[in-house]
Each structure stands twice: as structure tokens, then as C-alpha cells.
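Chemist: A single structure is presented below for examination.
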Amino acid sequence: MVDYHATNNQSLYSAGGPQIYMEQENDWDRDLLLDPAWEKQQRKVRASESPGAAAGALYLIYLFSNLVNVLNFCVSAFVEIVDGNAKMTLGMIWTIILRFAIQDISVEETSAKEGLLLWCQRKTAPYKNVNVQNFHISWKDGLAFNALIHRHRPELIDYDKLRKDDPVTNLNNAFEVAERYLDIPKMLDAEDIVGTLRPDEKAIMTYVSCFYHAFSGAQKAETAANRICKVLAVNQENEHLMEDYEKLASDLLEWIRRTIPWLENRAPEKTMTEMQQKLEDFRDYRRVHKPPKVQEKCQLEINFNTLQTKLRLSNRPAFMPSEGRMVSDINGAWHKLEGAEKGYEEWLLNEIRRLERLDHLAEKFRQKAAIHESWTDGKEAMLTQKDYETASLSEIKALLKKHEAFESDLAAHQDRVEQIAAIAQELNELDYYDSPSVNARCQKICEQWDALGSLTQSRRESLERTEKQLESIDELYLEYAKRAAPFNNWMEGAMEDLQDMFIVHNIEEIQGLITAHDQFKSTLPEANKEREAIQAIQAEVQKIAQYNGIKLAGNNPYTTITPQSIDKKWEKVQQLVPQRDQALQEELARQQSNDHLRRQFANQANMIGPWIQNKMEEIGRISIEMNGTLEDQLTHLRQYEQSIIEYKPNIDQLEGDHQLIQEALIFDNKYTAYTMEHLRVGWEQLLTTIARTINEIENQILTRDAKGISQEQLHEYRTSFNHFDKKRTGIMDSDDFRALLISTGNSLGDAEFGRIMGIVDPNNSGAVTFQAFIDFMSRETTDTDTADQVIASFKILAGDKNYITAEELRRELPPDQAEYCIARMAPYTGPDAVPGALDYMSFSTALYGESDL
């Protein structure tokens, strides 16, 4: 028997109100708290959908199961009352109150007092001027009591008319309403509470507990509201992820839509500068603009996989993006982008090469045209003059010989005219931008050439009519003229060739030009002998004239080519030869530098290409191996990803080498089979593959934690999957998957296997991933929310009605989730509908139905 007369008990009354104390080491109380049956029943109360009703049943069960203890307690209490011990009598009354009115109160597994305080705080949170922090001062103004009543029975109190500065009125109003409508006796006096500095805590707690039990039925609604909040939070998060996916997909598709026409635009520019700018723009696209989009595309796929995993784990249907925004649509658009991109750089380089060729041909055309026009200057006037009409016989014969020399010279220029026409034709075929002016100039040259031919023929006919009168001719002059003309043409051709522009692309081509130039230099001694022979003829003429005392009329009548002009042109040839040597050597040095660039790029590319291939193979092996826990694998993969990212400077260096090659107009590289485009694609695939592999491990961790799969089970699943994954690709066809299911103990008929394939392969792709396999192995044993559970929770909040109102939703749910429901619930149209009624049943079903997105 407990000694209730212990000397350490204090006064029962203090601070104007009852102060009730109980013995903390009361044997009966300790037995009650330590009794296993009591603890078990307490857990049932906390798990019950109706904690108030279950608590009452629990106390009855416990009282009957502990009847002996109750009887002992009653006997001891009776003795104390008979003895007139008021202190102990009131102490035992508080014990009874604590045991049967407060002890069974628990909110979120807190103690009785803390649970009651938490319940008060939650119920009064929406009310202004109410801030419940304790069971004494927080209740002095009476607003907290009125708020509790209004929260559960708003029709009993007009809360907005209460004033904080009138506590007595507030308290009396709450006490009278509670007594009249809630059957709660008036245990406290308003004046005592207001007039006391610190109202008695246990007295207020006892009175408040009556409200808790009176409104205990609302706990069922609170439990239902918590379930609904949890389901809505999942849906809101999923919808946010869907909206993020849609926006990212739309932005990426829009960028692709804008970029493809730019890449498909193959309209050539007119000048090298404009085409070089196009090439620079393409380099910026490949190195600046496209890499972030590659990352966005990879992140989009990762977000899609993560969202689908979360939907599966929350028992929601798979996310179906809006039309045209599927991952497959994005991959298709990306494929079109790469298709448009493919060949664009090659086209740019070919266009630059074409323009370079055009510029070279155009300059060559201008040089040859200028030389020819210079040669034809004055020829028409010469051919149309009538000098033969008044000339002597010797002069006539001289004119005829001169004309023959001119015809020889004219024939020698035929090849140059044909070359000019051929160059113009080639410029037209290559679509040279200034073709009209080239064609006009070429046409003028050809027409002039035809006119010269006609005039030459006409002059010859005129001279031949008088040829019979011409007998005397100076053979030496004629021989000089005949030999000087071709030699002069040879020198002009040599000067033209020595000044001719050249373009080569490799060492072999420039060495070929050097060899040809060396061969030309080897002919110079013979040419010099011919020059000396021609000069000897002129010297012989002078010698004969001097010997015979002949006064020469002037220059050689058969040609305008003087010995001085021959010597001058020969000196020019001699000057041009070393200049040509220097130009060829400079070009040889440039080609050697280009060859060094080729080797430099090839050495780096031949190292990076196999490195990328090796990393791709290692990632493939890592994705199917089972070394350590998933967290270990994730850590290893992230370290592996970091090592790959740290390799990026090598790619950047190679990009720099590639830019130097392009700036040097190098179009081929015999030292490597790798192109920059090939390595770029390989690098992008490597980054995408490691990111996808990490995401797969993250999704496996998410599935494992959500489904409660142990590491051993996951290891067993992976071992089984790898055994039947014959190709080591991380996916398997339906036949291999069927064998895998049979190996796990599943007896499969065609119908059952078809059902399972519909779960693991909803798109009928014919491939099953490891993620889909572990989802299937764990999904049927997982406790997930269902539409029926959500409907039942809403029904509780609605007070068993088939509809719910906006006011009820705002009262029972947090503001954001209440507004979420109100915005999405359809109006209720049943026969029992009232104005503003909302259909929570169709809303709950839609939560687990097809997504609108």
C-alpha cells in the first residue's frame, strides 16, 4: 500500500487556484506504465482510425484486466477519505483525472501533456490573437477556449465579434456554450482566472481535456486529412516535375527547330571572308552552343527516368508527355539535328576551297586578259592602215613579211585566248559571284580576236595583191624576225609562268612544282644560246650594212621585236627565276608546317579515340558488375565521372589543334583515321553514358529504399539478371526474361506472363531493363496508397456525405493543399447536392488515373 501521507507533499492550494500533486513514484502508476498489456493497447489506440472511441474501449479493457489493482486502489482511497486527509484525497482525485481523462491523450506519440498542448496549438493556429504556448497565461483572455469551440462547432460562436480586451466576457461565453451545447460542466470561474497572475495549470489542463474528449471524433478527420495531405503532396511534386520536363523539352525542341534550318542552309557566300565567318560561327556552335544542349538532353532523360520511378513508387500511372515531347520525339529531333549538322562543316570547307580556287582562277583570268589586251592594243589600227598603197616594192615585200610575222605572232596568241575562255568557262561552272563582268571581258576579248582574224586575213589579201611587185627582201631581217618572234613568245610565256600563282595542299604537290621549276631552269642554257644566235643575226645585218655602206631606214621592217627588248626580257626572266625559287621554298616551308600540324593532331587524336572507347567499355562493365553496395557503386561511378570530366582539357587542346588545321586550310590528314567530329560525338556519348549509368544506380537506390529491398535481395536480383543477360547489354528480350522469372520460382502461363510483360514493358519495346525487373519483384508486396483509401479519408472530412464543401476543405487541410483541391474538384451533381458541393470521389480517382500532362 502506498503511503499517501508522505511528508514531501506540498499545499493543495496556491496562487488562487487548486494545486493538485500526485506521488511520482506511485506503485500503481508505475505498474500501469510498465504493464506490457497496457503498452500494447496504447499502440492500438495510436494506430486506430478512431482514437477517441478506441481509447474509451481501451480503458474499459484495461480496468477489467487489472481489476485487482483497481480494487486495491479504491480500498486505499476509501481509508484516506474516512481519515479526513484532504491533501491526500485531492491528490488521489488528480491521479484519477490524470489517469482517465488526460493520460490517454497522445498526438504524434508525444506525452499526454505535450500531446494535449500540440492538439490545442494545431486547432487554434488559424485564429488571430491566439497563441497557445502553455496551460496557464495563454488561456487568460478566453480567446483560446472560444477558438477551440469555433473550430469544431462554428455555428455556436461568432468569433469575429470577440475582443481581446474583454477576457471575462470571452471566458463566460466559452464556459456557457460548453455547458449548454457540449455537456462540459463549468469547472472554472472567469473572474478567478482573470484576477490571477498565473492561473492554475492543472485546473486548466483538466478543463481543456474535456474539450479534447468532446471533440475526439475530429481526430478521425485529422487522420484522414493527414493521409490526404500526403497524397496531394506527392501529386503536387509529380506535377511540378512534369511541368519542368515539359518546359525543358519544349525549350530543347524549340532550339533544335531553330538550329536545323541554319544547318540545312547551304546557300554559299560570295567571298572567302564571308565563308570563313560561317566556319567560325559553326565552330562557336559546336564548342559553345551545342555542348550545353547535349547536357540538357541528357538531364531531360535523367529527369524523365527519375519521374517515372517516383510515379511507380507512389502507385501512380506512368507519365505521358504531351504530343511531340516524348523522349523518343526529342531523340528523333536530335537525330535530325545531327543529320543536318553532318556534312555542314565539310560543305563549308569545300565552299572555302571552291572560293579559293575561284579567287585563284579569277586572278589568273585577269592577268592573262591584261597581258592579251596589252598585246592587242593598237593591232586593229595597224591592220587597217593603208601604208602599202604608197610603199615601194621593197617596202611592200617588207610589209608582207612583217604581216607574216604578225600572223605567226597571232597564231602563237591563240593558245592564250583559249586559256582565257577556258578559265572564264570554269568560273561560270563554279558559280563565281562576279561571272557577269568576267563573261563581258571574255566576250570582248573573243570578239576582238575574231575581228583581228578578219582584219589579218583582209590585210594579207591586200598585201598579196601587190606581192608580185615585191621582190627584194632582206633575208637576214626575215630570219631574225622568224626566230625572234617565237623566242620572244617563249620569254613572255616563261615570265608569265614564273609569275603564275599557285595553290597546293600538301608537300607532294609543292615538291612537284619545285621539280618542274628545276626542269625549266635546266632549259635556260639552250635558250641563252638561241638568244645569242638571234642577236648574231642582227649583228650580221649591221656588219653587212656597214661593209656595203648601206644606210638602214630604221628598225627591222619584219618585226617590232628589237634586240634591246629581247635582252630586257631575258634579264627579267633571270630576275624572276630566283624569285620563283623563293616563293616555292616558302610554300614548301608552309606545307611542312601543315604536315607538322597534321602529325600533332593525329598523335593526340590517336590517343584520345582509344581512350574514349576504353572508357565506354569500362562503363558498360561497371553497369552490370556487383562490386559493393549501391552507394559504393554510386560513389565509384561519380569518381569515375569526375576523372572523365578532368580529361576535358585534352579535348579542348585537340579542338585548338583542329582549329589551327582549319585555319591553315588543311583538308586531309593521312596520319589518323579520327576526325574531330568523330571524337566530339564519342566524347558527348561518353558523358551521356556515365550520367545515365549514375541515374540508373540512383533510381535503384530510390527503389530499394522505397520498396524496403535489402542489399542482399538487390544483390540476388542483380546476379539473376546478369546470368540471363546473355549479351551483357543491361537489357534482355522477352524469352530471356521469361527464363529469369521461372528461375525465381514463378510458374508462368501465357496469360500471366503477358500481364507481367505489360507491367515491365508498357511500351512493347521487347526489352526489359534491370530497373523494371526490381520494380516488378517488389511492387506487389509494397503498401501504397490507393484511390479507395483517399476516398475514405475525404468521406471522414465530409462527415459521411457524398460531397465536400470548400469551407470543410479549408478547415481541415493546410491552405495550399485546400486550394489545390478546390481548384481541381468538379462540382458534385448527385441528388443530395447543395450549392458549392464538390465531388471528392472523381477527384480521388483522377489522382491515380491518367495524367493531364
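Residues are named by chain letter and number: chains run A, B, ... in the order of the C-alpha cells, numbers start at 1 in each chain, and ligands are numbered from 1 in the order shown.
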Tell me which protein, DNA and RNA residues are within 10 Å of segment 803-805 of chain A, counting only C-alpha atoms, leaving out same-chain ones fewer than 3 positions away, and put them as a ChimeraX atom specification.
Modeler: /A:794-800,808-811,822,825,827-830,832-841
Chemist: Go ahead and save the picked residues with C-alpha atoms, as a PDB file, in the first residue's frame.
Modeler:
ATOM      1  CA  PHE A 794     -12.316  12.540 -47.759  1.00  0.00           C
ATOM      2  CA  LYS A 795     -15.563  10.904 -46.605  1.00  0.00           C
ATOM      3  CA  ILE A 796     -14.422  11.315 -42.984  1.00  0.00           C
ATOM      4  CA  LEU A 797     -13.664  15.015 -43.550  1.00  0.00           C
ATOM      5  CA  ALA A 798     -17.061  15.409 -45.208  1.00  0.00           C
ATOM      6  CA  GLY A 799     -18.909  13.875 -42.279  1.00  0.00           C
ATOM      7  CA  ASP A 800     -20.017  10.772 -44.257  1.00  0.00           C
ATOM      8  CA  GLU A 808     -14.687  21.972 -44.934  1.00  0.00           C
ATOM      9  CA  LEU A 809     -11.533  21.612 -47.036  1.00  0.00           C
ATOM     10  CA  ARG A 810     -10.125  24.928 -45.792  1.00  0.00           C
ATOM     11  CA  ARG A 811     -10.929  23.982 -42.208  1.00  0.00           C
ATOM     12  CA  ILE A 822     -10.828  23.288 -54.579  1.00  0.00           C
ATOM     13  CA  MET A 825     -12.517  19.197 -57.817  1.00  0.00           C
ATOM     14  CA  PRO A 827     -18.940  20.211 -58.862  1.00  0.00           C
ATOM     15  CA  TYR A 828     -20.947  17.423 -57.242  1.00  0.00           C
ATOM     16  CA  THR A 829     -24.168  16.668 -59.201  1.00  0.00           C
ATOM     17  CA  GLY A 830     -25.788  13.930 -57.091  1.00  0.00           C
ATOM     18  CA  ASP A 832     -28.203  15.224 -52.410  1.00  0.00           C
ATOM     19  CA  ALA A 833     -26.091  18.067 -53.790  1.00  0.00           C
ATOM     20  CA  VAL A 834     -26.096  21.514 -52.202  1.00  0.00           C
ATOM     21  CA  PRO A 835     -24.741  24.806 -53.611  1.00  0.00           C
ATOM     22  CA  GLY A 836     -20.924  24.693 -53.732  1.00  0.00           C
ATOM     23  CA  ALA A 837     -20.778  20.896 -53.263  1.00  0.00           C
ATOM     24  CA  LEU A 838     -17.570  19.348 -54.643  1.00  0.00           C
ATOM     25  CA  ASP A 839     -17.070  15.801 -55.984  1.00  0.00           C
ATOM     26  CA  TYR A 840     -14.189  14.308 -53.990  1.00  0.00           C
ATOM     27  CA  MET A 841     -14.740  10.798 -55.408  1.00  0.00           C
TER      28      MET A 841
END
Chemist: Apply DSSP to the backbone of this structure and, from segment 716-796 of chain A, keep only the residues in alpha helix (DSSP H); write these as a VMD selection string.
Modeler: chain A and resid 716 to 724 734 to 743 750 to 760 770 to 779 787 to 796
Chemist: Do you know which residues are at most 12 Å from segment 334-336 of chain A counting only C-alpha atoms, after dropping those on the same chain fewer than 4 positions away, and could you put them as a PyMOL selection string?
Modeler: chain A and resi 249+252-257+259-261+263-264+290+293-294+296-298+327-330+340-342
Chemist: Could you work out how far atom CA of Ala214 of chain A lies from atom CA of Leu171 of chain A, giving the answer in Å with one decimal?
Modeler: 18.1 Å
Chemist: What's the 10 Å shell around Gln579 of chain A, counting only C-alpha atoms, without same-chain residues fewer than 5 positions away, as a PyMOL selection string?
Modeler: chain A and resi 498-499+573-574+584-585
Chemist: Can you write out as CSV which residues of segment 668-697 of chain A fall within 8 Å of segment 601-624 of chain A, alongside each residue's closest atom pair and its distance in Å to one decimal, counting only C-alpha atoms and ordering rows by chain and ascending residue number?
Modeler:
residue,atom,partner,partner_atom,distance
A:Asn669,CA,A:Ala602,CA,7.7
A:Tyr671,CA,A:Ala602,CA,5.8
A:Thr672,CA,A:Ala602,CA,5.1
A:Tyr674,CA,A:Ala605,CA,6.3
A:Thr675,CA,A:Ala605,CA,7.9
A:Leu679,CA,A:Gly609,CA,6.4
A:Gly682,CA,A:Ile612,CA,6.7
A:Trp683,CA,A:Ile612,CA,6.7
A:Leu686,CA,A:Met616,CA,6.1
A:Thr689,CA,A:Met616,CA,7.7
A:Ile690,CA,A:Ile619,CA,6.7
A:Thr693,CA,A:Ser623,CA,6.5
Chemist: Any idea what's packed within 12 Å of Phe753 of chain A, counting only C-alpha atoms, ignoring anything in its chain fewer than 2 positions away? Could you give it as an NGL selection string?
Modeler: :A and (734-735 or 737-742 or 746-751 or 755-761)
Chemist: Write the residues of the selection above to a file with N, CA and C atoms, as a PDB file, in the first residue's frame.
Modeler:
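File written: out26.pdb
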ATOM      1  N   SER A 734      12.212 -10.847 -74.289  1.00  0.00           N
ATOM      2  CA  SER A 734      11.138 -11.477 -73.513  1.00  0.00           C
ATOM      3  C   SER A 734      11.440 -12.938 -73.189  1.00  0.00           C
ATOM      4  N   ASP A 735      12.115 -13.655 -74.106  1.00  0.00           N
ATOM      5  CA  ASP A 735      12.419 -15.061 -73.842  1.00  0.00           C
ATOM      6  C   ASP A 735      13.390 -15.204 -72.677  1.00  0.00           C
ATOM      7  N   PHE A 737      13.838 -13.017 -70.337  1.00  0.00           N
ATOM      8  CA  PHE A 737      13.154 -12.559 -69.128  1.00  0.00           C
ATOM      9  C   PHE A 737      12.229 -13.646 -68.587  1.00  0.00           C
ATOM     10  N   ARG A 738      11.582 -14.382 -69.483  1.00  0.00           N
ATOM     11  CA  ARG A 738      10.709 -15.472 -69.034  1.00  0.00           C
ATOM     12  C   ARG A 738      11.536 -16.529 -68.306  1.00  0.00           C
ATOM     13  N   ALA A 739      12.704 -16.857 -68.848  1.00  0.00           N
ATOM     14  CA  ALA A 739      13.576 -17.821 -68.185  1.00  0.00           C
ATOM     15  C   ALA A 739      14.015 -17.295 -66.816  1.00  0.00           C
ATOM     16  N   LEU A 740      14.266 -15.983 -66.725  1.00  0.00           N
ATOM     17  CA  LEU A 740      14.647 -15.377 -65.449  1.00  0.00           C
ATOM     18  C   LEU A 740      13.523 -15.523 -64.420  1.00  0.00           C
ATOM     19  N   LEU A 741      12.267 -15.250 -64.834  1.00  0.00           N
ATOM     20  CA  LEU A 741      11.139 -15.376 -63.914  1.00  0.00           C
ATOM     21  C   LEU A 741      10.962 -16.811 -63.436  1.00  0.00           C
ATOM     22  N   ILE A 742      11.125 -17.763 -64.351  1.00  0.00           N
ATOM     23  CA  ILE A 742      10.991 -19.172 -63.974  1.00  0.00           C
ATOM     24  C   ILE A 742      12.063 -19.542 -62.963  1.00  0.00           C
ATOM     25  N   ASN A 746       8.631 -18.513 -60.263  1.00  0.00           N
ATOM     26  CA  ASN A 746       7.325 -18.159 -60.794  1.00  0.00           C
ATOM     27  C   ASN A 746       6.878 -19.199 -61.813  1.00  0.00           C
ATOM     28  N   SER A 747       5.671 -19.740 -61.625  1.00  0.00           N
ATOM     29  CA  SER A 747       5.093 -20.676 -62.583  1.00  0.00           C
ATOM     30  C   SER A 747       4.230 -19.861 -63.533  1.00  0.00           C
ATOM     31  N   LEU A 748       4.644 -19.758 -64.782  1.00  0.00           N
ATOM     32  CA  LEU A 748       4.045 -18.795 -65.697  1.00  0.00           C
ATOM     33  C   LEU A 748       3.246 -19.467 -66.804  1.00  0.00           C
ATOM     34  N   GLY A 749       1.996 -19.049 -66.933  1.00  0.00           N
ATOM     35  CA  GLY A 749       1.233 -19.352 -68.124  1.00  0.00           C
ATOM     36  C   GLY A 749       1.331 -18.179 -69.078  1.00  0.00           C
ATOM     37  N   ASP A 750       0.806 -18.329 -70.279  1.00  0.00           N
ATOM     38  CA  ASP A 750       0.906 -17.250 -71.266  1.00  0.00           C
ATOM     39  C   ASP A 750       0.185 -15.993 -70.800  1.00  0.00           C
ATOM     40  N   ALA A 751      -0.994 -16.180 -70.187  1.00  0.00           N
ATOM     41  CA  ALA A 751      -1.762 -15.014 -69.735  1.00  0.00           C
ATOM     42  C   ALA A 751      -1.018 -14.267 -68.638  1.00  0.00           C
ATOM     43  N   ARG A 755       0.617 -10.486 -68.670  1.00  0.00           N
ATOM     44  CA  ARG A 755       0.330  -9.438 -67.686  1.00  0.00           C
ATOM     45  C   ARG A 755       1.622  -8.821 -67.165  1.00  0.00           C
ATOM     46  N   ILE A 756       2.588  -9.688 -66.832  1.00  0.00           N
ATOM     47  CA  ILE A 756       3.861  -9.195 -66.286  1.00  0.00           C
ATOM     48  C   ILE A 756       4.600  -8.350 -67.324  1.00  0.00           C
ATOM     49  N   MET A 757       4.600  -8.804 -68.589  1.00  0.00           N
ATOM     50  CA  MET A 757       5.283  -8.023 -69.634  1.00  0.00           C
ATOM     51  C   MET A 757       4.604  -6.668 -69.809  1.00  0.00           C
ATOM     52  N   GLY A 758       3.291  -6.597 -69.623  1.00  0.00           N
ATOM     53  CA  GLY A 758       2.596  -5.312 -69.692  1.00  0.00           C
ATOM     54  C   GLY A 758       3.052  -4.366 -68.608  1.00  0.00           C
ATOM     55  N   ILE A 759       3.516  -4.917 -67.465  1.00  0.00           N
ATOM     56  CA  ILE A 759       4.000  -4.090 -66.358  1.00  0.00           C
ATOM     57  C   ILE A 759       5.435  -3.628 -66.614  1.00  0.00           C
ATOM     58  N   VAL A 760       6.314  -4.594 -66.988  1.00  0.00           N
ATOM     59  CA  VAL A 760       7.744  -4.266 -67.115  1.00  0.00           C
ATOM     60  C   VAL A 760       8.084  -3.636 -68.459  1.00  0.00           C
ATOM     61  N   ASP A 761       7.199  -3.811 -69.457  1.00  0.00           N
ATOM     62  CA  ASP A 761       7.465  -3.247 -70.785  1.00  0.00           C
ATOM     63  C   ASP A 761       6.188  -2.629 -71.338  1.00  0.00           C
TER      64      ASP A 761
END
Chemist: Residues at most 8 Å from Cys446 of chain A, counting only C-alpha atoms, excluding those fewer than 3 positions away in the same chain, as a PyMOL selection string?
Modeler: chain A and resi 417+421+442-443+449-450
Chemist: Any idea what's packed within 12 Å of Glu274 of chain A, counting only C-alpha atoms, ignoring anything in its chain fewer than 6 positions away? Could you give it as a PDB file with N, CA, C and O atoms, in the first residue's frame?
Modeler:
ATOM      1  N   ALA A 267      23.320  27.799 -98.697  1.00  0.00           N
ATOM      2  CA  ALA A 267      23.491  28.853 -99.696  1.00  0.00           C
ATOM      3  C   ALA A 267      24.896  29.434 -99.568  1.00  0.00           C
ATOM      4  O   ALA A 267      25.251  29.972 -98.517  1.00  0.00           O
ATOM      5  N   PRO A 268      25.729  29.303-100.571  1.00  0.00           N
ATOM      6  CA  PRO A 268      27.124  29.758-100.454  1.00  0.00           C
ATOM      7  C   PRO A 268      27.223  31.286-100.452  1.00  0.00           C
ATOM      8  O   PRO A 268      26.397  31.984-101.038  1.00  0.00           O
ATOM      9  N   GLU A 280      33.563  30.041 -88.682  1.00  0.00           N
ATOM     10  CA  GLU A 280      33.782  30.454 -87.296  1.00  0.00           C
ATOM     11  C   GLU A 280      32.481  30.337 -86.483  1.00  0.00           C
ATOM     12  O   GLU A 280      32.494  29.907 -85.323  1.00  0.00           O
ATOM     13  N   ASP A 281      31.362  30.708 -87.127  1.00  0.00           N
ATOM     14  CA  ASP A 281      30.053  30.550 -86.452  1.00  0.00           C
ATOM     15  C   ASP A 281      29.778  29.092 -86.139  1.00  0.00           C
ATOM     16  O   ASP A 281      29.231  28.762 -85.076  1.00  0.00           O
ATOM     17  N   LEU A 348      31.195  23.561 -95.744  1.00  0.00           N
ATOM     18  CA  LEU A 348      31.860  24.854 -95.547  1.00  0.00           C
ATOM     19  C   LEU A 348      33.297  24.815 -96.081  1.00  0.00           C
ATOM     20  O   LEU A 348      33.740  25.727 -96.786  1.00  0.00           O
ATOM     21  N   GLU A 351      33.312  24.718 -99.781  1.00  0.00           N
ATOM     22  CA  GLU A 351      32.993  26.025-100.324  1.00  0.00           C
ATOM     23  C   GLU A 351      34.188  26.971-100.227  1.00  0.00           C
ATOM     24  O   GLU A 351      34.467  27.749-101.153  1.00  0.00           O
ATOM     25  N   ILE A 352      34.889  26.890 -99.092  1.00  0.00           N
ATOM     26  CA  ILE A 352      36.088  27.727 -98.934  1.00  0.00           C
ATOM     27  C   ILE A 352      37.129  27.339 -99.983  1.00  0.00           C
ATOM     28  O   ILE A 352      37.777  28.193-100.600  1.00  0.00           O
ATOM     29  N   LEU A 355      35.921  28.691-103.266  1.00  0.00           N
ATOM     30  CA  LEU A 355      36.149  30.130-103.376  1.00  0.00           C
ATOM     31  C   LEU A 355      37.627  30.452-103.542  1.00  0.00           C
ATOM     32  O   LEU A 355      37.997  31.388-104.254  1.00  0.00           O
TER      33      LEU A 355
END
Chemist: What is the atom CA of Lys364 of chain A to atom CA of Met501 of chain A distance in Å?
Modeler: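 That distance, rounded to one decimal, is 7.3 Å.
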Chemist: Hey, can you check how far atom CA of Thr845 of chain A sits from atom CA of Ala787 of chain A?
Modeler: 5.5 Å
Chemist: I need the residue nearest Met491 of chain A from this list: A:Ala147, A:Leu576, A:Ile503, A:Val231. Use only C-alpha atoms for the distance.
Modeler: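 Between A:Ala147, A:Leu576, A:Ile503, A:Val231, the residue approaching Met491 of chain A most closely is A:Leu576.
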